[in-house]
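*Asks:* Here it is, the structure, as structure tokens.
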Amino acid sequence: MGELLLVLDEGTTSTRAMLFEPSGKCVGTQSAELTQHYPGPGLVEHDAAEIWTRSRACAQAMVDKAGGAQAIAAIGITNQRETIVFWDKSTGEPLAPAIVWQDRRSAAMCRAWREAGEEPGVQARTGLLLDPYFSGTKIAWAMENWPQLKEAGDRLAIGTIESWLVWKLTANESQGGLHITDATNASRTLLMGLGSGGWSDGLLDMFSAPRDALPEIVDCAGRFGTTKLFGGEIPICGLAGDQQSATIGQACFAKGDTKATYGTGAFVLTNAGTAPPASKNRLLATVLWQLGGRRTYAIEGSVFVAGSLIQWLRDSVGLIQTAPETEALARSVPDNGGVYLVPALSGLGAPWWEPEARASLSGLSFSSTRAHIVRAALESMAHQSHDLKTAFAADGADWARLRVDGGMVTNDWLAQDLADMLDVPVDRPNFAETTALGAAMLAGIGCGLFSGLEAAAAMRGSGTTFEPKLGMNERQVRLDGWAHAVRNVAEGLAGPA
Ligand code: ADP
């Protein structure tokens, strides 16, 4: 058997297959777009059948590139989290659209649960909040509104994306697939007890999730099953949600190690050790990995708007033509000229959690230019990250340094600004695809290529460190300016009531 690791990285807008050598070298990649369905305001759906056929085609291309299934040691899967799929166990076909993590259809249900005082209990058990983001609320909505799910009875299967892909990879004409989910994905459903690592009866009841429809919760690495779809047997050996996978890919193995991904949104995870954390600052507690039945946990904070702000400036406002030109524009002015942009274009995420908040651009004068506004947009990444760092510190999980990845941090000015405003060194790996790398590391552990996480960390390679340089006074002026601007937004003072 060969030593190549095949990763399926199933994102929100595209699905990819990537081929890694055990050294960490990426030797192939194939991707396909996924159709986004927006059937109404706040509604976002995917077609699970399309996810499968496109993922399979990408995987086939990589198997061909490898020279056949025998060249591949194992498959690792990493995926957009919280998105939920409903399918028929007898046909292996979807019974309904997949409800995507961004979908807000369960907002009214969440409000009702919160008003009934359910949130503290749910947070204590799951580490999560009662927000439409999480799968359980989407399941509750679907069970109430899509009669075909109840009608399917015992044939109903429910799972997150990795669960769906494992089923399809392992099913054949004579029998259904393997129905499993890994503990990181399960920890995003609102159905799993964070400390127990099992489905909780009380939570299944609350969210109307039939236990028989749910997958078995497994480790992130192991020999879970094999697929015979690519001209030979390939074991499936690694599973993790995308943010956890990126945290593993960044080798955040010690308590306190932190990574931040700046893509469409920004996601920060800090390794919180082996005891389930409890945030007092509206951060999330989640499973970082489960190996050998033992869980390591993370505290997580998400910022809804990161790179999407740059896309919005380009596509909707027309202020820039390309994302990379923001770097030269930011450098072209000595400071922000008093301009602050609070990018609450779809509400404010952690630690504010103000879904109704709307963005603001403040401090404008006749001397403000396009460059100031673009600089304020980039600066808002460090400002939002600083708010998160303050919340993490209050939860006893301050960051001594930050490992960054994602499309935005190819921008050197932005990476330096993060170091300056957070006042910690910022490490950026040369190979930016940390999400896929984490899944490759897990697959390598699961198939025995690596003895454990430390051995797998060799795949990560080297990078660049940005050291903080900004003077304390300038830093404080910015922090004060932002604090004022974001408070106005959070308190609803930015626009008409
Ligand atoms: P995702 O994985 O969420 O699709 P990526 O990690 O690929 O996102 O990052 C893409 C995002 O990064 C886009 O929103 C884009 O606007 C932003 N981006 C890309 N290059 C730059 C740059 N040089 N400066 C600032 N933002 C950038």
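Residues are named by chain letter and number: chains run A, B, ... in the order of the structure tokens, numbers start at 1 in each chain, and ligands are numbered from 1 in the order shown.
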Counting only C-alpha atoms, which residues of segment 62-84 of chain A sit at most 9 Å from some atom of segment 171-193 of chain A, and what is each one's closest atom pair with its distance in Å to one decimal, listed by chain and rising residue number, as a tab-separated table?

*Replies:*
```
residue	atom	partner	partner_atom	distance
A:Asn79	CA	A:Asn185	CA	8.7
A:Arg81	CA	A:Asn185	CA	6.3
A:Glu82	CA	A:Arg188	CA	5.9
A:Ile84	CA	A:Thr189	CA	8.9
```

*Asks:* Taking only C-alpha atoms and all ligand atoms into account, which residues are within 6 Å of ligand 1, as a JSON list (two decimals) with N, CA and C atoms, in the first residue's frame?

*Replies:*
```json
[["chain", "number", "residue", "atom", "x", "y", "z"],
["A", 263, "GLY", "N", -10.91, 33.84, 6.82],
["A", 263, "GLY", "CA", -11.44, 33.58, 5.48],
["A", 263, "GLY", "C", -12.65, 34.47, 5.28],
["A", 264, "THR", "N", -13.75, 33.90, 4.81],
["A", 264, "THR", "CA", -15.00, 34.65, 4.67],
["A", 264, "THR", "C", -15.39, 35.26, 6.01],
["A", 307, "GLY", "N", -13.19, 38.33, 5.52],
["A", 307, "GLY", "CA", -12.92, 38.53, 4.10],
["A", 307, "GLY", "C", -14.16, 38.97, 3.32],
["A", 308, "SER", "N", -15.33, 38.62, 3.82],
["A", 308, "SER", "CA", -16.56, 39.03, 3.12],
["A", 308, "SER", "C", -16.70, 40.55, 3.11],
["A", 310, "ILE", "N", -14.20, 42.58, 2.55],
["A", 310, "ILE", "CA", -13.38, 42.99, 1.41],
["A", 310, "ILE", "C", -14.13, 42.70, 0.11],
["A", 311, "GLN", "N", -14.80, 41.55, 0.08],
["A", 311, "GLN", "CA", -15.62, 41.21, -1.10],
["A", 311, "GLN", "C", -16.73, 42.24, -1.29],
["A", 323, "ALA", "N", -9.05, 42.15, -4.04],
["A", 323, "ALA", "CA", -8.74, 42.08, -2.60],
["A", 323, "ALA", "C", -7.29, 42.44, -2.30],
["A", 324, "PRO", "N", -6.31, 41.94, -3.06],
["A", 324, "PRO", "CA", -4.91, 42.24, -2.72],
["A", 324, "PRO", "C", -4.55, 43.73, -2.75],
["A", 326, "THR", "N", -5.91, 46.05, -1.37],
["A", 326, "THR", "CA", -6.14, 46.68, -0.05],
["A", 326, "THR", "C", -4.82, 46.91, 0.68],
["A", 406, "GLY", "N", -5.79, 31.34, 6.38],
["A", 406, "GLY", "CA", -6.96, 31.86, 5.67],
["A", 406, "GLY", "C", -6.52, 32.89, 4.62],
["A", 407, "GLY", "N", -7.39, 33.11, 3.64],
["A", 407, "GLY", "CA", -7.07, 33.96, 2.49],
["A", 407, "GLY", "C", -6.64, 35.37, 2.84],
["A", 408, "MET", "N", -7.18, 35.95, 3.94],
["A", 408, "MET", "CA", -6.87, 37.35, 4.27],
["A", 408, "MET", "C", -5.43, 37.56, 4.72],
["A", 410, "THR", "N", -2.72, 36.41, 3.67],
["A", 410, "THR", "CA", -1.69, 36.58, 2.64],
["A", 410, "THR", "C", -1.32, 38.06, 2.57],
["A", 411, "ASN", "N", -2.17, 38.92, 3.12],
["A", 411, "ASN", "CA", -1.95, 40.36, 3.21],
["A", 411, "ASN", "C", -0.97, 40.64, 4.36]]
```

*Asks:* I'd like the contact shell of Asp257 of chain A - 10 Å cut-off, only C-alpha atoms, skipping same-chain residues fewer than 6 positions apart - returned as a VMD selection string.

*Replies:* chain A and resid 247 250 to 251 269 to 273 298 397 to 403

*Asks:* Would you mind exporting all heavy atoms of the selected residues as a CSV table (one decimal), in the first residue's frame?

*Replies:*
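This is the output file selection.csv:
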```
chain,number,residue,atom,x,y,z
A,247,THR,N,-7.0,23.9,13.4
A,247,THR,CA,-6.3,24.0,14.7
A,247,THR,C,-5.3,22.9,14.8
A,247,THR,O,-4.1,23.1,15.3
A,247,THR,CB,-7.3,24.0,15.9
A,247,THR,OG1,-8.4,24.9,15.6
A,247,THR,CG2,-6.6,24.4,17.1
A,250,GLN,N,-2.5,23.5,12.5
A,250,GLN,CA,-1.6,24.5,13.0
A,250,GLN,C,-0.8,24.0,14.2
A,250,GLN,O,-0.1,24.8,14.9
A,250,GLN,CB,-2.4,25.8,13.4
A,250,GLN,CG,-2.9,26.6,12.2
A,250,GLN,CD,-1.9,27.6,11.8
A,250,GLN,OE1,-0.7,27.4,11.9
A,250,GLN,NE2,-2.3,28.7,11.2
A,251,ALA,N,-1.0,22.7,14.5
A,251,ALA,CA,-0.2,22.1,15.6
A,251,ALA,C,-0.4,22.8,16.9
A,251,ALA,O,0.5,22.9,17.7
A,251,ALA,CB,1.3,22.0,15.3
A,269,LEU,N,-9.7,29.5,17.7
A,269,LEU,CA,-9.8,28.4,18.7
A,269,LEU,C,-8.6,28.4,19.5
A,269,LEU,O,-7.5,28.4,19.0
A,269,LEU,CB,-10.0,27.1,17.9
A,269,LEU,CG,-11.4,26.7,17.6
A,269,LEU,CD1,-11.8,27.4,16.2
A,269,LEU,CD2,-11.6,25.2,17.4
A,270,THR,N,-8.8,28.2,20.8
A,270,THR,CA,-7.7,28.0,21.8
A,270,THR,C,-7.8,26.7,22.4
A,270,THR,O,-8.9,26.3,22.9
A,270,THR,CB,-7.8,29.1,22.9
A,270,THR,OG1,-7.6,30.4,22.3
A,270,THR,CG2,-6.7,28.9,23.9
A,271,ASN,N,-6.7,25.9,22.4
A,271,ASN,CA,-6.7,24.6,23.0
A,271,ASN,C,-6.9,24.8,24.5
A,271,ASN,O,-6.2,25.6,25.2
A,271,ASN,CB,-5.3,24.0,22.8
A,271,ASN,CG,-5.2,22.6,23.4
A,271,ASN,OD1,-5.7,22.3,24.5
A,271,ASN,ND2,-4.5,21.7,22.7
A,272,ALA,N,-8.0,24.2,25.1
A,272,ALA,CA,-8.4,24.4,26.5
A,272,ALA,C,-8.0,23.2,27.3
A,272,ALA,O,-8.5,23.2,28.5
A,272,ALA,CB,-9.8,24.8,26.5
A,273,GLY,N,-7.3,22.2,26.8
A,273,GLY,CA,-7.0,21.1,27.6
A,273,GLY,C,-8.0,20.0,27.7
A,273,GLY,O,-9.0,20.0,26.9
A,298,ALA,N,-11.7,22.9,23.2
A,298,ALA,CA,-11.3,24.2,22.7
A,298,ALA,C,-12.3,25.3,23.1
A,298,ALA,O,-13.5,24.9,23.3
A,298,ALA,CB,-11.1,24.3,21.2
A,397,ALA,N,-8.1,32.1,29.1
A,397,ALA,CA,-7.5,31.4,28.0
A,397,ALA,C,-6.9,32.5,27.1
A,397,ALA,O,-7.1,32.6,25.9
A,397,ALA,CB,-8.5,30.6,27.2
A,398,ASP,N,-6.0,33.4,27.7
A,398,ASP,CA,-5.4,34.4,26.9
A,398,ASP,C,-4.4,33.8,25.9
A,398,ASP,O,-3.9,32.7,26.1
A,398,ASP,CB,-4.6,35.4,27.9
A,398,ASP,CG,-4.4,36.8,27.2
A,398,ASP,OD1,-4.8,37.0,26.1
A,398,ASP,OD2,-3.8,37.6,27.8
A,399,TRP,N,-4.1,34.6,24.9
A,399,TRP,CA,-3.2,34.1,23.8
A,399,TRP,C,-1.8,34.7,24.0
A,399,TRP,O,-1.6,35.9,24.1
A,399,TRP,CB,-3.7,34.5,22.4
A,399,TRP,CG,-5.1,34.4,22.2
A,399,TRP,CD1,-6.0,33.6,22.9
A,399,TRP,CD2,-5.9,35.2,21.3
A,399,TRP,NE1,-7.3,33.8,22.4
A,399,TRP,CE2,-7.3,34.8,21.4
A,399,TRP,CE3,-5.7,36.1,20.3
A,399,TRP,CZ2,-8.3,35.3,20.6
A,399,TRP,CZ3,-6.7,36.6,19.5
A,399,TRP,CH2,-8.0,36.2,19.7
A,400,ALA,N,-0.8,33.9,24.1
A,400,ALA,CA,0.6,34.3,24.2
A,400,ALA,C,1.2,34.6,22.8
A,400,ALA,O,2.1,35.4,22.6
A,400,ALA,CB,1.5,33.3,24.9
A,401,ARG,N,0.7,33.9,21.8
A,401,ARG,CA,1.0,34.2,20.4
A,401,ARG,C,-0.2,33.6,19.6
A,401,ARG,O,-1.0,32.9,20.1
A,401,ARG,CB,2.3,33.6,19.9
A,401,ARG,CG,2.6,32.1,20.2
A,401,ARG,CD,4.0,31.7,20.0
A,401,ARG,NE,4.6,32.2,18.8
A,401,ARG,CZ,5.8,32.8,18.7
A,401,ARG,NH1,6.5,33.0,19.8
A,401,ARG,NH2,6.3,33.3,17.6
A,402,LEU,N,-0.2,34.0,18.3
A,402,LEU,CA,-1.4,33.6,17.5
A,402,LEU,C,-0.9,33.0,16.2
A,402,LEU,O,0.0,33.6,15.5
A,402,LEU,CB,-2.2,34.9,17.2
A,402,LEU,CG,-3.5,34.6,16.4
A,402,LEU,CD1,-4.5,33.7,17.3
A,402,LEU,CD2,-4.2,35.9,16.1
A,403,ARG,N,-1.4,31.8,15.8
A,403,ARG,CA,-1.1,31.2,14.5
A,403,ARG,C,-2.2,31.5,13.6
A,403,ARG,O,-3.4,31.3,13.9
A,403,ARG,CB,-0.9,29.7,14.7
A,403,ARG,CG,0.2,29.4,15.7
A,403,ARG,CD,0.3,27.9,16.0
A,403,ARG,NE,1.1,27.8,17.2
A,403,ARG,CZ,1.6,26.6,17.6
A,403,ARG,NH1,1.3,25.5,17.0
A,403,ARG,NH2,2.4,26.6,18.7
```

*Asks:* Give the alpha helix (DSSP H) residues of segment 93-135 of chain A, as DSSP finds them on the backbone, and put them as a PyMOL selection string.

*Replies:* chain A and resi 107-115+119-126+135

*Asks:* Please produce an output containing N, CA, C and O atoms for each residue in the selection, written as a PDB file, in the first residue's frame.

*Replies:*
```pdb
ATOM      1  N   ALA A 107     -34.551  30.924  13.820  1.00  0.00           N
ATOM      2  CA  ALA A 107     -34.358  32.070  14.727  1.00  0.00           C
ATOM      3  C   ALA A 107     -35.521  32.225  15.714  1.00  0.00           C
ATOM      4  O   ALA A 107     -35.297  32.463  16.910  1.00  0.00           O
ATOM      5  N   ALA A 108     -36.754  32.069  15.217  1.00  0.00           N
ATOM      6  CA  ALA A 108     -37.906  32.271  16.116  1.00  0.00           C
ATOM      7  C   ALA A 108     -37.935  31.181  17.187  1.00  0.00           C
ATOM      8  O   ALA A 108     -38.251  31.442  18.356  1.00  0.00           O
ATOM      9  N   MET A 109     -37.599  29.952  16.794  1.00  0.00           N
ATOM     10  CA  MET A 109     -37.570  28.859  17.783  1.00  0.00           C
ATOM     11  C   MET A 109     -36.514  29.152  18.847  1.00  0.00           C
ATOM     12  O   MET A 109     -36.746  28.958  20.045  1.00  0.00           O
ATOM     13  N   CYS A 110     -35.365  29.647  18.389  1.00  0.00           N
ATOM     14  CA  CYS A 110     -34.274  29.942  19.338  1.00  0.00           C
ATOM     15  C   CYS A 110     -34.701  31.025  20.317  1.00  0.00           C
ATOM     16  O   CYS A 110     -34.441  30.940  21.520  1.00  0.00           O
ATOM     17  N   ARG A 111     -35.377  32.043  19.778  1.00  0.00           N
ATOM     18  CA  ARG A 111     -35.835  33.134  20.638  1.00  0.00           C
ATOM     19  C   ARG A 111     -36.795  32.591  21.700  1.00  0.00           C
ATOM     20  O   ARG A 111     -36.684  32.912  22.885  1.00  0.00           O
ATOM     21  N   ALA A 112     -37.706  31.715  21.268  1.00  0.00           N
ATOM     22  CA  ALA A 112     -38.686  31.161  22.209  1.00  0.00           C
ATOM     23  C   ALA A 112     -37.980  30.330  23.297  1.00  0.00           C
ATOM     24  O   ALA A 112     -38.314  30.436  24.479  1.00  0.00           O
ATOM     25  N   TRP A 113     -37.011  29.529  22.911  1.00  0.00           N
ATOM     26  CA  TRP A 113     -36.274  28.743  23.917  1.00  0.00           C
ATOM     27  C   TRP A 113     -35.529  29.651  24.886  1.00  0.00           C
ATOM     28  O   TRP A 113     -35.512  29.407  26.085  1.00  0.00           O
ATOM     29  N   ARG A 114     -34.929  30.716  24.322  1.00  0.00           N
ATOM     30  CA  ARG A 114     -34.175  31.629  25.192  1.00  0.00           C
ATOM     31  C   ARG A 114     -35.115  32.319  26.170  1.00  0.00           C
ATOM     32  O   ARG A 114     -34.819  32.436  27.357  1.00  0.00           O
ATOM     33  N   GLU A 115     -36.278  32.734  25.638  1.00  0.00           N
ATOM     34  CA  GLU A 115     -37.240  33.415  26.507  1.00  0.00           C
ATOM     35  C   GLU A 115     -37.777  32.476  27.578  1.00  0.00           C
ATOM     36  O   GLU A 115     -38.166  32.905  28.656  1.00  0.00           O
ATOM     37  N   GLU A 119     -31.426  28.706  27.804  1.00  0.00           N
ATOM     38  CA  GLU A 119     -30.043  28.809  27.335  1.00  0.00           C
ATOM     39  C   GLU A 119     -28.977  28.411  28.358  1.00  0.00           C
ATOM     40  O   GLU A 119     -28.055  27.661  28.009  1.00  0.00           O
ATOM     41  N   PRO A 120     -29.075  28.865  29.616  1.00  0.00           N
ATOM     42  CA  PRO A 120     -27.993  28.491  30.547  1.00  0.00           C
ATOM     43  C   PRO A 120     -27.820  26.970  30.668  1.00  0.00           C
ATOM     44  O   PRO A 120     -26.691  26.470  30.681  1.00  0.00           O
ATOM     45  N   GLY A 121     -28.913  26.239  30.724  1.00  0.00           N
ATOM     46  CA  GLY A 121     -28.832  24.778  30.849  1.00  0.00           C
ATOM     47  C   GLY A 121     -28.218  24.149  29.615  1.00  0.00           C
ATOM     48  O   GLY A 121     -27.373  23.245  29.697  1.00  0.00           O
ATOM     49  N   VAL A 122     -28.639  24.636  28.444  1.00  0.00           N
ATOM     50  CA  VAL A 122     -28.110  24.102  27.189  1.00  0.00           C
ATOM     51  C   VAL A 122     -26.616  24.430  27.078  1.00  0.00           C
ATOM     52  O   VAL A 122     -25.811  23.573  26.703  1.00  0.00           O
ATOM     53  N   GLN A 123     -26.247  25.639  27.469  1.00  0.00           N
ATOM     54  CA  GLN A 123     -24.830  26.005  27.377  1.00  0.00           C
ATOM     55  C   GLN A 123     -23.993  25.153  28.338  1.00  0.00           C
ATOM     56  O   GLN A 123     -22.898  24.706  27.983  1.00  0.00           O
ATOM     57  N   ALA A 124     -24.516  24.910  29.519  1.00  0.00           N
ATOM     58  CA  ALA A 124     -23.755  24.104  30.483  1.00  0.00           C
ATOM     59  C   ALA A 124     -23.537  22.690  29.946  1.00  0.00           C
ATOM     60  O   ALA A 124     -22.487  22.088  30.159  1.00  0.00           O
ATOM     61  N   ARG A 125     -24.521  22.160  29.235  1.00  0.00           N
ATOM     62  CA  ARG A 125     -24.391  20.779  28.744  1.00  0.00           C
ATOM     63  C   ARG A 125     -23.593  20.665  27.460  1.00  0.00           C
ATOM     64  O   ARG A 125     -22.856  19.705  27.262  1.00  0.00           O
ATOM     65  N   THR A 126     -23.746  21.661  26.557  1.00  0.00           N
ATOM     66  CA  THR A 126     -23.168  21.513  25.217  1.00  0.00           C
ATOM     67  C   THR A 126     -22.002  22.445  24.938  1.00  0.00           C
ATOM     68  O   THR A 126     -21.265  22.232  23.973  1.00  0.00           O
ATOM     69  N   SER A 135     -26.727  22.901  14.546  1.00  0.00           N
ATOM     70  CA  SER A 135     -27.543  21.929  13.819  1.00  0.00           C
ATOM     71  C   SER A 135     -28.839  21.547  14.527  1.00  0.00           C
ATOM     72  O   SER A 135     -29.858  21.333  13.868  1.00  0.00           O
TER      73      SER A 135
END
```

*Asks:* Quick check, in Å to one decimal: how far apart do atom CA of Leu8 of chain A and atom CA of Ala436 of chain A lie?

*Replies:* 7.6 Å

*Asks:* Using only C-alpha atoms, find the one residue out of A:Ala254, A:Ile158, A:Ala439, A:Cys58 that sits nearest to Phe86 of chain A.

*Replies:* A:Ile158

*Asks:* Record the distance separating atom CA of Glu356 of chain A and atom CA of Ala278 of chain A, expressed in Å with one decimal.

*Replies:* 25.6 Å

*Asks:* Could you give me, as a count of residues only, the residues within 12 Å of Thr53 of chain A, counting only C-alpha atoms and dropping anything in the same chain fewer than 3 positions from it?

*Replies:* 20

*Asks:* From the list A:Gln102, A:Thr296, A:Gln290, A:Thr91, which residue is nearest Ala275 of chain A when using only C-alpha atoms?

*Replies:*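 Ranked by minimum distance to Ala275 of chain A, first place goes to A:Thr296.
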
*Asks:* Near Ala376 of chain A, counting only C-alpha atoms, which residues have an atom at most 6 Å away, once you skip same-chain residues fewer than 6 positions from it, shown as a list in words?

*Replies:* Asn336, Tyr340 and Leu341 of chain A

*Asks:* Excluding same-chain residues fewer than 6 positions from Ala419 of chain A, what lies within 7 Å of it counting only C-alpha atoms, as a short mmCIF file (atom, residue, chain, number, x, y, z; two decimals) with N, CA and C atoms, in the first residue's frame?

*Replies:*
```cif
data_model
loop_
_atom_site.label_atom_id
_atom_site.label_comp_id
_atom_site.auth_asym_id
_atom_site.auth_seq_id
_atom_site.Cartn_x
_atom_site.Cartn_y
_atom_site.Cartn_z
N PRO A 425 3.29 37.92 19.11
CA PRO A 425 3.80 37.48 17.82
C PRO A 425 2.73 36.70 17.05
N VAL A 426 2.71 36.92 15.74
CA VAL A 426 1.74 36.24 14.87
C VAL A 426 2.52 35.34 13.90
N PHE A 466 5.44 37.55 12.57
CA PHE A 466 5.29 39.01 12.62
C PHE A 466 5.34 39.42 14.09
N GLU A 467 6.33 40.25 14.44
CA GLU A 467 6.49 40.68 15.84
C GLU A 467 5.77 42.02 16.03
N PRO A 468 5.17 42.25 17.22
CA PRO A 468 4.51 43.54 17.46
C PRO A 468 5.52 44.69 17.46
#
```

*Asks:* Tell me, which residues of segment 184-361 of chain A carry DSSP strand (DSSP E), written as number ranges by chain?

*Replies:* A: 216-218, 221-227, 234-241, 258-262, 266-273, 284-291, 294-303, 340-342, 360-361

*Asks:* Skip Leu5 of chain A itself and residues of its chain fewer than 4 positions away, then list as number ranges by chain all residues within 12 Å of it, counting only C-alpha atoms.

*Replies:* A: 1, 17-29, 59, 62-63, 66, 69-77, 234-238, 436-450, 459
